[in-house]
>>> print(open('start_18.cif').read())   # mmCIF, C-alpha atoms
data_structure
#
loop_
_atom_site.group_PDB
_atom_site.id
_atom_site.type_symbol
_atom_site.label_atom_id
_atom_site.label_comp_id
_atom_site.auth_asym_id
_atom_site.auth_seq_id
_atom_site.Cartn_x
_atom_site.Cartn_y
_atom_site.Cartn_z
ATOM 1 C CA MET A 225 108.604 91.403 119.599
ATOM 2 C CA SER A 226 111.021 94.261 119.580
ATOM 3 C CA THR A 227 112.123 96.791 117.027
ATOM 4 C CA SER A 228 114.946 99.260 116.765
ATOM 5 C CA GLN A 229 115.885 101.921 114.253
ATOM 6 C CA GLU A 230 119.073 101.450 112.243
ATOM 7 C CA GLY A 231 120.671 103.650 109.625
ATOM 8 C CA ARG A 232 120.091 107.278 108.879
ATOM 9 C CA ASN A 233 118.397 109.058 106.025
ATOM 10 C CA ASP A 234 121.541 110.941 105.017
ATOM 11 C CA ARG A 235 124.006 108.078 105.240
ATOM 12 C CA PRO A 236 124.237 105.625 102.315
ATOM 13 C CA ALA A 237 123.692 101.949 103.039
ATOM 14 C CA ARG A 238 126.280 99.316 102.209
ATOM 15 C CA ASN A 239 124.780 98.809 98.765
ATOM 16 C CA GLY A 240 124.918 102.546 97.960
ATOM 17 C CA THR A 241 121.228 103.380 98.440
ATOM 18 C CA THR A 242 120.149 106.475 100.348
ATOM 19 C CA GLY A 243 116.904 107.858 101.699
ATOM 20 C CA ALA A 244 114.012 105.582 102.599
ATOM 21 C CA GLN A 245 115.688 102.509 101.120
ATOM 22 C CA ALA A 246 118.698 102.976 103.404
ATOM 23 C CA ARG A 247 116.616 103.242 106.592
ATOM 24 C CA VAL A 248 115.895 99.902 108.158
ATOM 25 C CA ARG A 249 114.415 98.751 111.432
ATOM 26 C CA THR A 250 115.373 95.494 113.061
ATOM 27 C CA VAL A 251 112.411 93.352 114.029
ATOM 28 C CA VAL A 252 112.390 90.134 116.021
ATOM 29 C CA CYS A 253 109.984 87.609 114.485
ATOM 30 C CA ALA A 254 107.203 86.727 116.944
ATOM 31 C CA ASN A 255 106.985 83.259 115.379
ATOM 32 C CA CYS A 256 110.610 82.023 115.414
ATOM 33 C CA GLY A 257 112.608 84.689 117.293
ATOM 34 C CA ARG A 258 114.960 85.476 114.397
ATOM 35 C CA THR A 259 116.068 89.089 113.946
ATOM 36 C CA ASN A 260 115.166 90.640 110.573
ATOM 37 C CA ARG A 261 115.978 93.927 108.868
ATOM 38 C CA VAL A 262 112.874 95.672 107.547
ATOM 39 C CA PRO A 263 113.379 98.629 105.162
ATOM 40 C CA ALA A 264 111.189 101.736 105.322
ATOM 41 C CA ALA A 265 110.135 101.243 101.695
ATOM 42 C CA ALA A 266 109.967 98.053 99.649
ATOM 43 C CA ASP A 267 107.705 96.101 97.330
ATOM 44 C CA GLY A 268 105.282 93.672 98.946
ATOM 45 C CA SER A 269 105.238 93.360 102.720
ATOM 46 C CA PRO A 270 107.988 92.199 105.092
ATOM 47 C CA ARG A 271 108.339 88.540 106.011
ATOM 48 C CA CYS A 272 110.775 86.714 108.252
ATOM 49 C CA GLY A 273 113.794 85.477 106.344
ATOM 50 C CA ASN A 274 113.780 82.286 108.408
ATOM 51 C CA CYS A 275 110.146 81.127 108.754
ATOM 52 C CA ARG A 276 108.399 83.469 106.246
ATOM 53 C CA ALA A 277 105.928 84.724 108.889
ATOM 54 C CA PRO A 278 104.677 88.286 108.260
ATOM 55 C CA LEU A 279 106.500 91.007 110.214
ATOM 56 C CA PRO A 280 105.133 94.318 111.532
ATOM 57 C CA TRP A 281 106.019 97.168 109.211
ATOM 58 C CA ILE A 282 106.829 100.325 111.151
ATOM 59 C CA ALA A 283 108.713 103.140 109.442
ATOM 60 C CA GLU A 284 109.471 106.829 109.705
ATOM 61 C CA ALA A 285 109.033 109.288 106.855
ATOM 62 C CA GLY A 286 109.464 112.976 106.155
ATOM 63 C CA ASP A 287 108.785 115.545 103.475
ATOM 64 C CA ALA A 288 111.398 114.080 101.124
ATOM 65 C CA ASP A 289 110.452 110.391 101.250
ATOM 66 C CA PHE A 290 106.768 110.262 102.262
ATOM 67 C CA GLY A 291 105.674 109.328 98.743
ATOM 68 C CA GLU A 292 108.071 106.396 98.591
ATOM 69 C CA VAL A 293 107.456 105.187 102.148
ATOM 70 C CA ALA A 294 103.699 105.759 102.552
ATOM 71 C CA GLU A 295 101.912 106.548 99.306
ATOM 72 C CA GLN A 296 103.533 103.786 97.260
ATOM 73 C CA ALA A 297 103.141 101.133 99.965
ATOM 74 C CA SER A 298 101.513 97.886 98.936
ATOM 75 C CA LEU A 299 99.547 97.770 102.214
ATOM 76 C CA PRO A 300 97.133 100.341 103.655
ATOM 77 C CA VAL A 301 99.103 102.829 105.749
ATOM 78 C CA LEU A 302 98.349 104.154 109.224
ATOM 79 C CA VAL A 303 100.066 107.557 109.346
ATOM 80 C CA ASP A 304 100.915 109.035 112.742
ATOM 81 C CA LEU A 305 101.500 112.805 112.452
ATOM 82 C CA TRP A 306 103.124 113.647 115.782
ATOM 83 C CA ALA A 307 105.554 116.001 117.544
ATOM 84 C CA THR A 308 108.284 115.368 120.099
ATOM 85 C CA TRP A 309 106.896 118.009 122.483
ATOM 86 C CA CYS A 310 103.416 116.424 122.508
ATOM 87 C CA GLY A 311 102.607 114.308 125.578
ATOM 88 C CA PRO A 312 99.577 112.540 124.049
ATOM 89 C CA CYS A 313 101.722 111.704 120.990
ATOM 90 C CA ARG A 314 104.262 109.933 123.192
ATOM 91 C CA MET A 315 101.439 108.139 125.028
ATOM 92 C CA VAL A 316 99.732 106.879 121.855
ATOM 93 C CA SER A 317 102.932 105.707 120.147
ATOM 94 C CA PRO A 318 103.109 102.327 121.963
ATOM 95 C CA ALA A 319 99.408 101.755 121.237
ATOM 96 C CA LEU A 320 99.988 102.405 117.533
ATOM 97 C CA GLU A 321 102.925 99.993 117.498
ATOM 98 C CA GLN A 322 100.685 97.408 119.198
ATOM 99 C CA VAL A 323 98.055 97.906 116.479
ATOM 100 C CA ALA A 324 100.759 97.440 113.814
ATOM 101 C CA GLU A 325 101.789 94.184 115.516
ATOM 102 C CA ASP A 326 98.173 93.020 115.911
ATOM 103 C CA LEU A 327 97.383 93.754 112.257
ATOM 104 C CA VAL A 328 100.691 92.418 110.904
ATOM 105 C CA GLY A 329 100.503 91.829 107.163
ATOM 106 C CA ARG A 330 97.435 94.083 106.872
ATOM 107 C CA ILE A 331 98.818 97.587 107.596
ATOM 108 C CA LYS A 332 101.999 99.604 107.621
ATOM 109 C CA LEU A 333 102.585 102.209 110.356
ATOM 110 C CA VAL A 334 104.394 105.351 109.191
ATOM 111 C CA LYS A 335 105.411 107.978 111.735
ATOM 112 C CA VAL A 336 105.892 111.600 110.651
ATOM 113 C CA ASP A 337 107.378 114.236 112.978
ATOM 114 C CA ILE A 338 105.528 117.376 111.879
ATOM 115 C CA ASP A 339 108.248 119.686 113.184
ATOM 116 C CA LYS A 340 110.741 118.057 110.815
ATOM 117 C CA SER A 341 108.161 117.749 108.002
ATOM 118 C CA PRO A 342 106.258 121.043 107.772
ATOM 119 C CA ALA A 343 105.147 120.445 104.165
ATOM 120 C CA LEU A 344 103.305 117.272 105.200
ATOM 121 C CA ALA A 345 101.758 119.071 108.176
ATOM 122 C CA ARG A 346 100.422 121.727 105.771
ATOM 123 C CA ARG A 347 99.348 119.180 103.149
ATOM 124 C CA PHE A 348 97.283 117.189 105.665
ATOM 125 C CA GLU A 349 96.078 120.380 107.414
ATOM 126 C CA VAL A 350 97.265 119.270 110.846
ATOM 127 C CA GLN A 351 95.600 121.457 113.475
ATOM 128 C CA ALA A 352 96.345 119.218 116.486
ATOM 129 C CA VAL A 353 98.601 116.302 117.243
ATOM 130 C CA PRO A 354 98.501 113.421 117.195
ATOM 131 C CA THR A 355 96.622 113.302 113.907
ATOM 132 C CA LEU A 356 96.125 109.819 112.491
ATOM 133 C CA LEU A 357 95.340 109.034 108.873
ATOM 134 C CA ILE A 358 94.573 105.851 106.990
ATOM 135 C CA LEU A 359 95.909 105.908 103.425
ATOM 136 C CA ASP A 360 94.760 103.255 100.981
ATOM 137 C CA HIS A 361 96.794 103.250 97.764
ATOM 138 C CA GLY A 362 97.991 106.743 98.632
ATOM 139 C CA ARG A 363 94.487 108.111 99.111
ATOM 140 C CA PRO A 364 93.260 109.276 102.562
ATOM 141 C CA VAL A 365 90.225 107.232 103.639
ATOM 142 C CA ALA A 366 89.986 108.089 107.356
ATOM 143 C CA ARG A 367 91.236 110.674 109.819
ATOM 144 C CA GLN A 368 91.276 110.915 113.609
ATOM 145 C CA THR A 369 92.765 113.457 115.981
ATOM 146 C CA GLY A 370 93.866 112.709 119.511
ATOM 147 C CA ALA A 371 95.169 109.780 121.513
ATOM 148 C CA ALA A 372 93.179 106.608 122.122
ATOM 149 C CA PRO A 373 93.871 103.165 123.597
ATOM 150 C CA ALA A 374 95.096 100.348 121.350
ATOM 151 C CA ASN A 375 91.734 98.538 121.223
ATOM 152 C CA ALA A 376 89.912 101.707 120.076
ATOM 153 C CA LEU A 377 92.621 102.417 117.482
ATOM 154 C CA ARG A 378 92.479 98.824 116.194
ATOM 155 C CA GLN A 379 88.690 99.058 115.836
ATOM 156 C CA TRP A 380 89.001 102.401 113.999
ATOM 157 C CA VAL A 381 91.607 100.975 111.604
ATOM 158 C CA ASN A 382 89.514 97.846 110.921
ATOM 159 C CA GLU A 383 86.374 99.909 110.284
ATOM 160 C CA SER A 384 88.274 102.296 108.023
ATOM 161 C CA LEU A 385 89.769 99.480 105.982
ATOM 162 C CA SER A 386 86.439 97.682 105.618
ATOM 163 C CA THR A 387 84.800 100.785 104.114
ATOM 164 C CA SER A 388 87.742 101.699 101.855
ATOM 165 C CA PRO A 389 86.820 101.313 98.172
ATOM 166 C CA GLY A 390 90.390 100.526 97.053
ATOM 167 C CA PRO A 391 92.114 102.109 94.058
ATOM 168 C CA ALA A 392 90.022 103.631 91.302
ATOM 169 C CA ASP A 393 92.646 102.711 88.717
ATOM 170 C CA PRO A 394 94.437 99.457 89.652
ATOM 171 C CA ALA A 395 97.108 100.023 86.987
ATOM 172 C CA THR A 396 98.333 103.279 88.506
ATOM 173 C CA ARG A 397 97.098 102.639 92.073
ATOM 174 C CA ARG A 398 95.778 106.200 92.044
ATOM 175 C CA PRO A 399 92.208 107.535 92.277
#
>>> encode(input="start_18.cif", output="structure tokens")
Amino acid sequence: MSTSQEGRNDRPARNGTTGAQARVRTVVCANCGRTNRVPAAADGSPRCGNCRAPLPWIAEAGDADFGEVAEQASLPVLVDLWATWCGPCRMVSPALEQVAEDLVGRIKLVKVDIDKSPALARRFEVQAVPTLLILDHGRPVARQTGAAPANALRQWVNESLSTSPGPADPATRRP
């Protein structure tokens, strides 16, 4: 399975949308091999247009679109707060993408470059990178700092999701 980033946050898409809706990632379906375009933000969760198999949902977000991309997601979100200058961040990135592929249909991976998103770094009180968060219906339910192998990250995500109480108010999806 491979992914690539298409579009840019400041350039409108063909249908006139901008921001998170305009950013898409191309994903090759592990089931049938068909290439699909997966937007950073959407209702539901991504599925292959050919065979309807669930697709990994990996997106990038920043200060301006974090709410739309991460907090309003229909799936629990694994947030990777990272920096380009951070060696452990670059090492853990493939492991996080592997976890997103392993837990396809169960989580969404959202990457946030803290140097480009200082408001989010302050909001989540990032003291070291990488900092990983699990958001369930926009509410933080788990936090971990530092790099770890994919199997340890997968176990942490599964444990965090199993103890998450879900939304306090299902109508608003907010606590």
>>> resolve_selection(input="start_18.cif", expression="the PyMOL selection byres ((chain A and resi 295) around 9)", output="PyMOL selection string")
chain A and resi 290-294+296-298+300-301+359-363
>>> write_last_selection(input="start_18.cif", atoms="C-alpha atoms", output="mmCIF file, in the coordinates of the input")
data_model
loop_
_atom_site.group_PDB
_atom_site.id
_atom_site.type_symbol
_atom_site.label_atom_id
_atom_site.label_comp_id
_atom_site.auth_asym_id
_atom_site.auth_seq_id
_atom_site.Cartn_x
_atom_site.Cartn_y
_atom_site.Cartn_z
ATOM 1 C CA PHE A 290 106.768 110.262 102.262
ATOM 2 C CA GLY A 291 105.674 109.328 98.743
ATOM 3 C CA GLU A 292 108.071 106.396 98.591
ATOM 4 C CA VAL A 293 107.456 105.187 102.148
ATOM 5 C CA ALA A 294 103.699 105.759 102.552
ATOM 6 C CA GLN A 296 103.533 103.786 97.260
ATOM 7 C CA ALA A 297 103.141 101.133 99.965
ATOM 8 C CA SER A 298 101.513 97.886 98.936
ATOM 9 C CA PRO A 300 97.133 100.341 103.655
ATOM 10 C CA VAL A 301 99.103 102.829 105.749
ATOM 11 C CA LEU A 359 95.909 105.908 103.425
ATOM 12 C CA ASP A 360 94.760 103.255 100.981
ATOM 13 C CA HIS A 361 96.794 103.250 97.764
ATOM 14 C CA GLY A 362 97.991 106.743 98.632
ATOM 15 C CA ARG A 363 94.487 108.111 99.111
#
>>> closest_atom_pairs(input="start_18.cif", of="stretch 323-344 of chain A", to="stretch 364-388 of chain A", cutoff="12 Å", atoms="only C-alpha atoms", output="JSON lines")
{"residue": "A:Val323", "atom": "CA", "partner": "A:Arg378", "partner_atom": "CA", "distance": 5.7}
{"residue": "A:Ala324", "atom": "CA", "partner": "A:Arg378", "partner_atom": "CA", "distance": 8.7}
{"residue": "A:Glu325", "atom": "CA", "partner": "A:Arg378", "partner_atom": "CA", "distance": 10.4}
{"residue": "A:Asp326", "atom": "CA", "partner": "A:Arg378", "partner_atom": "CA", "distance": 8.1}
{"residue": "A:Leu327", "atom": "CA", "partner": "A:Arg378", "partner_atom": "CA", "distance": 8.1}
{"residue": "A:Val328", "atom": "CA", "partner": "A:Arg378", "partner_atom": "CA", "distance": 11.7}
{"residue": "A:Arg330", "atom": "CA", "partner": "A:Leu385", "partner_atom": "CA", "distance": 9.4}
{"residue": "A:Ile331", "atom": "CA", "partner": "A:Val381", "partner_atom": "CA", "distance": 8.9}
{"residue": "A:Lys332", "atom": "CA", "partner": "A:Val381", "partner_atom": "CA", "distance": 11.2}
{"residue": "A:Leu333", "atom": "CA", "partner": "A:Val381", "partner_atom": "CA", "distance": 11.1}
>>> write_last_selection(input="start_18.cif", atoms="C-alpha atoms", output="short mmCIF file (atom, residue, chain, number, x, y, z; two decimals), in the frame of the given file")
data_model
loop_
_atom_site.label_atom_id
_atom_site.label_comp_id
_atom_site.auth_asym_id
_atom_site.auth_seq_id
_atom_site.Cartn_x
_atom_site.Cartn_y
_atom_site.Cartn_z
CA VAL A 323 98.06 97.91 116.48
CA ALA A 324 100.76 97.44 113.81
CA GLU A 325 101.79 94.18 115.52
CA ASP A 326 98.17 93.02 115.91
CA LEU A 327 97.38 93.75 112.26
CA VAL A 328 100.69 92.42 110.90
CA ARG A 330 97.44 94.08 106.87
CA ILE A 331 98.82 97.59 107.60
CA LYS A 332 102.00 99.60 107.62
CA LEU A 333 102.58 102.21 110.36
#
>>> resolve_selection(input="start_18.cif", expression="the PyMOL selection byres ((chain A and resi 266) around 8)", output="list in words")
Gln245, Pro263, Ala264, Ala265, Asp267, Gly268, Ser269, Val293 and Ala297 of chain A
>>> atom_distance(input="start_18.cif", atom1="atom CA of A:Arg347", atom2="atom CA of A:Ala307")
16.0 Å
>>> atom_distance(input="start_18.cif", atom1="atom CA of A:Pro354", atom2="atom CA of A:Asp304")
6.7 Å
